Structure formats: structure tokens, C-alpha cells
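Have a look at the structure below before the remarks.
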Amino acid sequence: MVGIDRKAEIAGGRIKKAPELDRRIETYLRHYDKYGAILVQLNVEDARNGVAEYVMDRFGDKVAIELKWGQGAKNIGGEITVREIEYAQFLKQRGYLLDPDPTGEAALAAAKEGKEQHFARHSRLGYTNLGSYAEVRKDFLASVEKLRGLGYRHITLKTGAYGMEGLAMAIRLAAEAELDLLSVDGAGGGTGMSPWDMMEHWGVPSLQLHAKAREYAAILAARGIRPADMSFGGGFAKSSAIFKGLALGSPFVKMIIMGRAMMIPGFLGSNIEGVLRPENKAKVNGNWNELPKSVSQYGDTPEAIFAGYYSLREKLGSRAIREIPYGAIAMWTLVDKLGAGLQQFMAGCRRFGLDEIRRSDIAAGNYEAARETGLQHICEARDDFARAILNS
């Protein structure tokens, strides 16, 4: 966020001003209702630029910090596409990797001729010079200790769809460092910034990765080592999947990560705002000139279109909701829907608190899933109780 912000000021390798980062954190804290937290992630460039130090100086321990070992859809850092050569050159000056080189002869010649160009901005890879587990452990624990020394009380780690060795290291080190949360993000997720071929073919699929994460956490627990609380991510979009993820990882998994599923209503709401508030169209990146029938059939006001509008207005107040982008209202509406759906599944299993969800609440639909997850096949679940009834 800081590195790509044109208005951010970085001098002597340290951030002096980061208006876009400030805006996002301040917006979150303005509506904070004592649940959850806002996390600032650190990639390689962020660590070099002093993002952690800047955030602590500005916001103290109101913000949590998250170390990153890659992302779910890829083993590489985040990418964005840049079409302006001037901005691409600016990002290169900020220390990012650009492909093709915006200062190279080919790019400069194309710009002089007025040809459209696309530049891919890449973040650098972390932990590339560490070979053994001992080296990774030493470096990671030192990073955590440094963040605690800055004043951070809440530190988390996000790991991606790596193999079993990487997963085991993440679980073991998160426990040893007593982190607040370990996020395990499987292949099948992601926000769509990576090349689609990598999104589809790199990494361990979510179900297998999550099953192994639960298995490895149980190994630590059996040894008397408390695993860090975990969250699962990677393609979650429905209430049923949320329930299954929490059950599969029980009792170690406390949350489900959702990225792309939340972006869809965000974009939809922005398109609606671009039509109903044309003065905001460019600001929210609205792409519609008129409402499609799939939306207009509900009405032409936010009150009519968004099912959660009135509940959100009651929560925030009439003045505040007029300042909320429609994309945010759409996202909140989806969350409200997911919450109701999750309650339905919980009620069906007679679970009236998230911490009551158990692995026994789900079963495998086929024998391959049973083998991969360690769950019972659906025809075997509680079969012993059924036979006891018949033979009583």
C-alpha cells in the first residue's frame, strides 16, 4: 500500500508520510465495534521501508501486524498491472520489480510512439536465502521479537499453499512464537492479481492443505505444545463452506478467510453507485452507465436495492450511512447473509456457539475425501450407534 501510493513520502529508506494507509486504518477504527482487528501485512518492500515502525508510531497497538509467507494462490509476491509508463518508472524507483523494464530502450521507444503498454509490478520474494529449518526458525523468531520490541501486542502469520514441510514449519514456529493467529490459505483462493495459470495450477488445494494443517496441529497438541489459533482460506464463498472449514479444523480453527467472495459484492456495489451517484463514478471505479434489469427489478435507490441497508443504517446512523460507499454496503449485506446461513447450519447440528462446532458435525461424501481428511464416510458416521439401536 505504501510503496504504490504516489503521495507517500519515503526518505532515507523510511516512510515519512503514507496518506492512503492512514485513510484505510482511520476508516476502520472510526467504525470499530470491539470485534476483530485491522491487520497491516508486511511484504519484503514494506519491511525495508519501515512500515511496521510507521504504523506503530501513528496508531500504537490499535493495529495488528501480519508477517507473510506468500499468498494462497501463488508462491510469489503480489502483482499489479500498470499501464502508465510514468507510474511504472515511479514504482521502479520505489524498489519494485517491473516487467518489462519501464526505463529500458524498448519501453521508452514504445512510449514515444504512443503505443499502449502493460507493465507487471512484482514484489520481491521473502526467505529466499534461508536453506535449513534452523535458519528459517532463527530468522523468523528474530522478526517476531523485533516487532514485539516495537510495541506490537498482536502478531499473526499468513502462509500460502506450500507443501507439507512449509506447512509444518509455519505451524511449529507460530506455536513457538506464541502468535495470535496463523492463516493457512490454500490454492483455489486469491484475489485475481496473479496470472491465471498460476492461480489454477500452483500449490496445494485447500481441502488437502487444511486437512493436513489440522493433523499437524493435533500432533503438537498431543506433545503438550499449544498450537496458535488458525484460520483457513482458499475459495470460501458460502455459509456451508464456512461451517465445513470450521468443523474440519476444529478445535484449532477459529476463523475463515474470504477474499474474492467479498470483492464481488464490492465491485457490484461500486457499479451501482456509479449509476446512482454519477459524481462518484470515477472515484469508486463504477463501470455501468445504467442499472441492468437484474438490479433495477428491485428498485433504483440504495434502500430498495440492498437488503441490508436499513439494518446497517440502524447500526451506523442516518448520517454515517450516507457517507458509506455502496460497495461497502453490498459487502456488509453479504456478510449478513452469510451469518444467517451459518446460523442455520449450526442450528441443524444443535451448535449454538462457534466454539461448539466439532469435526463430528461433518462427514465425507466419498471415500477419497474420507482418506484425505480423516473424516468418516457419510454411511459410516454413527453407524455403530445405529447398529446398537437395531440390536437392542
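Scheme for the C-alpha cells: letters A, B, ... for chains in order shown; per-chain residue numbers from 1; ligand numbers from 1 in order shown.
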
Mind running segment 235-279 of chain A against segment 288-296 of chain A at 12 Å and telling me each contacting residue's nearest atom pair with the distance in Å (one decimal), counting only C-alpha atoms, chain and number ascending, as a Markdown table?
| residue | atom | partner | partner_atom | distance |
| --- | --- | --- | --- | --- |
| A:Phe267 | CA | A:Trp288 | CA | 10.8 |
| A:Leu268 | CA | A:Trp288 | CA | 9.6 |
| A:Gly269 | CA | A:Val295 | CA | 10.5 |
| A:Ser270 | CA | A:Trp288 | CA | 9.1 |
| A:Asn271 | CA | A:Trp288 | CA | 5.5 |
| A:Ile272 | CA | A:Leu291 | CA | 6.8 |
| A:Glu273 | CA | A:Trp288 | CA | 9.0 |
| A:Gly274 | CA | A:Trp288 | CA | 6.5 |
| A:Val275 | CA | A:Glu290 | CA | 5.7 |
| A:Leu276 | CA | A:Glu290 | CA | 8.5 |
| A:Arg277 | CA | A:Asn289 | CA | 10.8 |
| A:Pro278 | CA | A:Asn289 | CA | 8.8 |

Residues near Arg322 of chain A, anyone? I mean within 12 Å using only C-alpha atoms, not counting same-chain ones fewer than 2 positions away, as a tab-separated table (two decimals) with N, CA and C atoms, in the first residue's frame.
chain	number	residue	atom	x	y	z
A	273	GLU	N	-23.25	2.35	-7.55
A	273	GLU	CA	-23.01	3.74	-7.13
A	273	GLU	C	-22.65	4.61	-8.33
A	277	ARG	N	-24.98	7.60	-8.30
A	277	ARG	CA	-24.21	8.78	-7.89
A	277	ARG	C	-23.15	9.04	-8.96
A	302	PRO	N	-30.67	2.98	-3.13
A	302	PRO	CA	-29.92	2.01	-2.31
A	302	PRO	C	-30.81	1.33	-1.28
A	303	GLU	N	-31.81	2.05	-0.77
A	303	GLU	CA	-32.72	1.46	0.21
A	303	GLU	C	-33.45	0.25	-0.37
A	309	TYR	N	-29.66	-2.63	3.92
A	309	TYR	CA	-29.49	-1.18	4.07
A	309	TYR	C	-30.01	-0.68	5.41
A	310	TYR	N	-31.24	-1.05	5.76
A	310	TYR	CA	-31.86	-0.50	6.96
A	310	TYR	C	-31.20	-1.02	8.24
A	312	LEU	N	-28.05	-1.81	8.50
A	312	LEU	CA	-26.78	-1.10	8.59
A	312	LEU	C	-27.00	0.34	9.02
A	313	ARG	N	-28.07	0.96	8.54
A	313	ARG	CA	-28.38	2.34	8.95
A	313	ARG	C	-28.66	2.40	10.46
A	316	LEU	N	-25.20	2.21	12.14
A	316	LEU	CA	-24.27	3.32	11.96
A	316	LEU	C	-24.89	4.70	12.18
A	317	GLY	N	-26.19	4.80	11.92
A	317	GLY	CA	-26.85	6.10	11.98
A	317	GLY	C	-27.10	6.64	10.58
A	318	SER	N	-28.11	7.49	10.46
A	318	SER	CA	-28.53	8.01	9.15
A	318	SER	C	-27.44	8.83	8.48
A	319	ARG	N	-26.70	9.61	9.24
A	319	ARG	CA	-25.66	10.45	8.64
A	319	ARG	C	-24.49	9.61	8.14
A	320	ALA	N	-24.06	8.65	8.95
A	320	ALA	CA	-22.89	7.85	8.59
A	320	ALA	C	-23.14	7.01	7.35
A	324	ILE	N	-21.10	6.11	3.43
A	324	ILE	CA	-20.53	4.79	3.16
A	324	ILE	C	-20.66	4.46	1.68
A	325	PRO	N	-19.58	4.04	1.01
A	325	PRO	CA	-19.69	3.64	-0.41
A	325	PRO	C	-20.64	2.47	-0.56
A	326	TYR	N	-21.32	2.42	-1.69
A	326	TYR	CA	-22.28	1.33	-1.92
A	326	TYR	C	-21.59	-0.03	-1.97
A	328	ALA	N	-19.26	-0.99	0.00
A	328	ALA	CA	-19.17	-1.43	1.39
A	328	ALA	C	-20.52	-1.92	1.90
A	329	ILE	N	-21.59	-1.23	1.50
A	329	ILE	CA	-22.93	-1.67	1.90
A	329	ILE	C	-23.23	-3.04	1.32

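Near Gly266 of chain A, within a cut-off of 7 Å and counting only C-alpha atoms, sit the residues Gly327, Ala328, Ala330 and Met331 of chain A, with same-chain residues fewer than 5 positions away left out.
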
Expected file: the selected residues, N, CA and C atoms, as a PDB file, in the first residue's frame:
ATOM      1  N   GLY A 327     -20.332  -0.047  -2.386  1.00  0.00           N
ATOM      2  CA  GLY A 327     -19.601  -1.313  -2.380  1.00  0.00           C
ATOM      3  C   GLY A 327     -19.470  -1.878  -0.983  1.00  0.00           C
ATOM      4  N   ALA A 328     -19.264  -0.993   0.001  1.00  0.00           N
ATOM      5  CA  ALA A 328     -19.166  -1.433   1.390  1.00  0.00           C
ATOM      6  C   ALA A 328     -20.519  -1.917   1.899  1.00  0.00           C
ATOM      7  N   ALA A 330     -22.816  -3.263   0.070  1.00  0.00           N
ATOM      8  CA  ALA A 330     -23.040  -4.567  -0.568  1.00  0.00           C
ATOM      9  C   ALA A 330     -22.255  -5.660   0.146  1.00  0.00           C
ATOM     10  N   MET A 331     -21.029  -5.358   0.542  1.00  0.00           N
ATOM     11  CA  MET A 331     -20.221  -6.347   1.260  1.00  0.00           C
ATOM     12  C   MET A 331     -20.845  -6.667   2.617  1.00  0.00           C
TER      13      MET A 331
END

Discussion item. As a PyMOL selection string, please: every residue in segment 222-352 of chain A that a backbone DSSP assignment puts in strand (DSSP E).
Written reply: chain A and resi 230-233+253-256

Could you please take those selected residues and save N, CA and C atoms as a PDB file, in the first residue's frame?
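And here's again.pdb as it stands now:
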ATOM      1  N   MET A 230      -5.833 -20.907  14.378  1.00  0.00           N
ATOM      2  CA  MET A 230      -5.683 -20.882  12.927  1.00  0.00           C
ATOM      3  C   MET A 230      -6.926 -20.346  12.243  1.00  0.00           C
ATOM      4  N   SER A 231      -6.734 -19.835  11.041  1.00  0.00           N
ATOM      5  CA  SER A 231      -7.839 -19.505  10.146  1.00  0.00           C
ATOM      6  C   SER A 231      -7.552 -20.162   8.807  1.00  0.00           C
ATOM      7  N   PHE A 232      -8.597 -20.609   8.147  1.00  0.00           N
ATOM      8  CA  PHE A 232      -8.482 -21.262   6.841  1.00  0.00           C
ATOM      9  C   PHE A 232      -9.009 -20.335   5.755  1.00  0.00           C
ATOM     10  N   GLY A 233      -8.329 -20.320   4.614  1.00  0.00           N
ATOM     11  CA  GLY A 233      -8.788 -19.561   3.458  1.00  0.00           C
ATOM     12  C   GLY A 233      -8.486 -20.320   2.184  1.00  0.00           C
ATOM     13  N   VAL A 253      -9.157 -24.238  14.533  1.00  0.00           N
ATOM     14  CA  VAL A 253      -9.511 -23.178  13.592  1.00  0.00           C
ATOM     15  C   VAL A 253     -10.626 -22.319  14.168  1.00  0.00           C
ATOM     16  N   LYS A 254     -10.393 -21.016  14.207  1.00  0.00           N
ATOM     17  CA  LYS A 254     -11.343 -20.083  14.809  1.00  0.00           C
ATOM     18  C   LYS A 254     -12.023 -19.176  13.795  1.00  0.00           C
ATOM     19  N   MET A 255     -11.448 -19.068  12.602  1.00  0.00           N
ATOM     20  CA  MET A 255     -11.977 -18.122  11.612  1.00  0.00           C
ATOM     21  C   MET A 255     -11.816 -18.679  10.205  1.00  0.00           C
ATOM     22  N   ILE A 256     -12.583 -18.110   9.290  1.00  0.00           N
ATOM     23  CA  ILE A 256     -12.470 -18.415   7.867  1.00  0.00           C
ATOM     24  C   ILE A 256     -12.118 -17.131   7.126  1.00  0.00           C
TER      25      ILE A 256
END

Discussion item. Please extract the residues of segment 192-244 of chain A with a backbone DSSP assignment of helix (DSSP H, G or I) and present them as a count of residues only.
Written reply: 29

As a PDB file with C-alpha atoms, in the first residue's frame, please: the residues near segment 193-209 of chain A (cut-off 7 Å, only C-alpha atoms, same-chain neighbours under 6 positions excluded).
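So part28.pdb came out as:
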ATOM      1  CA  ALA A  73      -2.948 -18.508  -4.978  1.00  0.00           C
ATOM      2  CA  LYS A  74       0.781 -18.202  -5.513  1.00  0.00           C
ATOM      3  CA  GLU A  79       1.389  -8.257  -8.591  1.00  0.00           C
ATOM      4  CA  ILE A  80      -0.467  -5.362 -10.145  1.00  0.00           C
ATOM      5  CA  ALA A 161      -0.419 -23.212  -0.414  1.00  0.00           C
ATOM      6  CA  TYR A 162       3.065 -24.607   0.156  1.00  0.00           C
ATOM      7  CA  GLY A 163       3.954 -28.249   0.631  1.00  0.00           C
ATOM      8  CA  GLY A 186      -4.925 -22.838   0.110  1.00  0.00           C
ATOM      9  CA  ALA A 187      -4.756 -22.869  -3.678  1.00  0.00           C
ATOM     10  CA  GLY A 234      -8.872 -20.557  -0.189  1.00  0.00           C
ATOM     11  CA  GLU A 372      -7.659 -37.245   2.593  1.00  0.00           C
ATOM     12  CA  THR A 373      -9.388 -35.615   5.552  1.00  0.00           C
TER      13      THR A 373
END

Worksheet item: Could you pull the residues within 12 Å of Glu116 of chain A, counting only C-alpha atoms, minus those fewer than 5 positions along the same chain, as a list in words?
Response: Val82, Arg83, Glu84, Ile85, Ala107, Leu108, Ala109, Ala110 and Ala111 of chain A

Worksheet entry | Atomic distance atom CA of Arg137 of chain A - atom CA of His154 of chain A, expressed in Å with one decimal | 19.4 Å

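Atom CA of Ala381 of chain A lies 12.2 Å from atom CA of Asn366 of chain A.
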
Discussion item. Report as a ChimeraX atom specification all protein, DNA and RNA residues lying within 7 Å of Leu39 of chain A, evaluated on only C-alpha atoms, omitting residues in the same chain fewer than 5 positions from it.
Written reply: /A:63-66

Store the residues picked out above, limited to N, CA and C atoms, as a PDB file, in the first residue's frame.
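Final output, saved to out.pdb:
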ATOM      1  N   VAL A  63      -3.494  -1.474  16.000  1.00  0.00           N
ATOM      2  CA  VAL A  63      -3.347  -2.218  14.749  1.00  0.00           C
ATOM      3  C   VAL A  63      -2.498  -3.461  15.012  1.00  0.00           C
ATOM      4  N   ALA A  64      -2.898  -4.574  14.407  1.00  0.00           N
ATOM      5  CA  ALA A  64      -2.098  -5.798  14.481  1.00  0.00           C
ATOM      6  C   ALA A  64      -1.198  -5.877  13.246  1.00  0.00           C
ATOM      7  N   ILE A  65      -0.164  -6.671  13.330  1.00  0.00           N
ATOM      8  CA  ILE A  65       0.788  -6.794  12.219  1.00  0.00           C
ATOM      9  C   ILE A  65       0.807  -8.245  11.743  1.00  0.00           C
ATOM     10  N   GLU A  66       0.926  -8.444  10.432  1.00  0.00           N
ATOM     11  CA  GLU A  66       0.918  -9.793   9.882  1.00  0.00           C
ATOM     12  C   GLU A  66       2.135 -10.029   8.994  1.00  0.00           C
TER      13      GLU A  66
END

Discussion item. Would you compute the distance between atom CA of Leu334 of chain A and atom CA of Leu67 of chain A? Give it in Å to one decimal.
Written reply: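 Going from atom CA of Leu334 of chain A over to atom CA of Leu67 of chain A, I get 28.1 Å.
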
Can you tell me, as a short mmCIF file (atom, residue, chain, number, x, y, z; two decimals) with N, CA and C atoms, in the first residue's frame, what residues are no more than 10 Å from Phe140 of chain A when counting only C-alpha atoms, ignoring any on the same chain fewer than 3 positions away?
data_model
loop_
_atom_site.label_atom_id
_atom_site.label_comp_id
_atom_site.auth_asym_id
_atom_site.auth_seq_id
_atom_site.Cartn_x
_atom_site.Cartn_y
_atom_site.Cartn_z
N LEU A 67 2.92 -11.01 9.38
CA LEU A 67 4.02 -11.45 8.54
C LEU A 67 3.47 -12.35 7.44
N TYR A 127 12.45 -14.81 2.36
CA TYR A 127 13.05 -16.06 2.85
C TYR A 127 13.66 -16.88 1.72
N ALA A 134 16.58 -24.64 10.68
CA ALA A 134 17.23 -23.88 11.76
C ALA A 134 17.41 -22.43 11.36
N GLU A 135 17.78 -22.18 10.09
CA GLU A 135 17.95 -20.82 9.63
C GLU A 135 16.62 -20.08 9.57
N VAL A 136 15.59 -20.76 9.05
CA VAL A 136 14.26 -20.14 8.98
C VAL A 136 13.77 -19.82 10.38
N ARG A 137 13.95 -20.75 11.30
CA ARG A 137 13.49 -20.54 12.67
C ARG A 137 14.18 -19.34 13.31
N SER A 143 12.44 -11.85 13.73
CA SER A 143 11.48 -10.90 13.17
C SER A 143 10.34 -10.63 14.14
N VAL A 144 9.84 -11.69 14.75
CA VAL A 144 8.75 -11.55 15.72
C VAL A 144 9.21 -10.74 16.93
N GLU A 145 10.41 -11.05 17.40
CA GLU A 145 10.94 -10.34 18.56
C GLU A 145 11.13 -8.85 18.27
N LYS A 146 11.55 -8.55 17.04
CA LYS A 146 11.72 -7.15 16.66
C LYS A 146 10.38 -6.41 16.69
N ALA A 170 5.43 -23.51 9.47
CA ALA A 170 4.55 -22.41 9.86
C ALA A 170 3.82 -22.73 11.16
N LEU A 173 6.46 -22.90 14.16
CA LEU A 173 7.02 -21.61 14.55
C LEU A 173 5.96 -20.66 15.09
N ALA A 174 4.73 -20.73 14.55
CA ALA A 174 3.65 -19.91 15.08
C ALA A 174 3.37 -20.27 16.53
N ALA A 177 6.47 -19.06 18.69
CA ALA A 177 6.49 -17.61 18.84
C ALA A 177 5.25 -17.09 19.55
#

Worksheet entry | Of the listed residues A:Lys62, A:Lys138, A:Arg94, A:Lys212, that which approaches Ile155 of chain A most closely, counting only C-alpha atoms | A:Lys62

Discussion item. Restricting the calculation to only C-alpha atoms: of A:Arg153, A:Arg6, A:Lys158, A:Arg260, which residue gets closest to Ala88 of chain A?
Written reply: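 Once distances to Ala88 of chain A are computed over only C-alpha atoms, the minimum belongs to A:Arg6.
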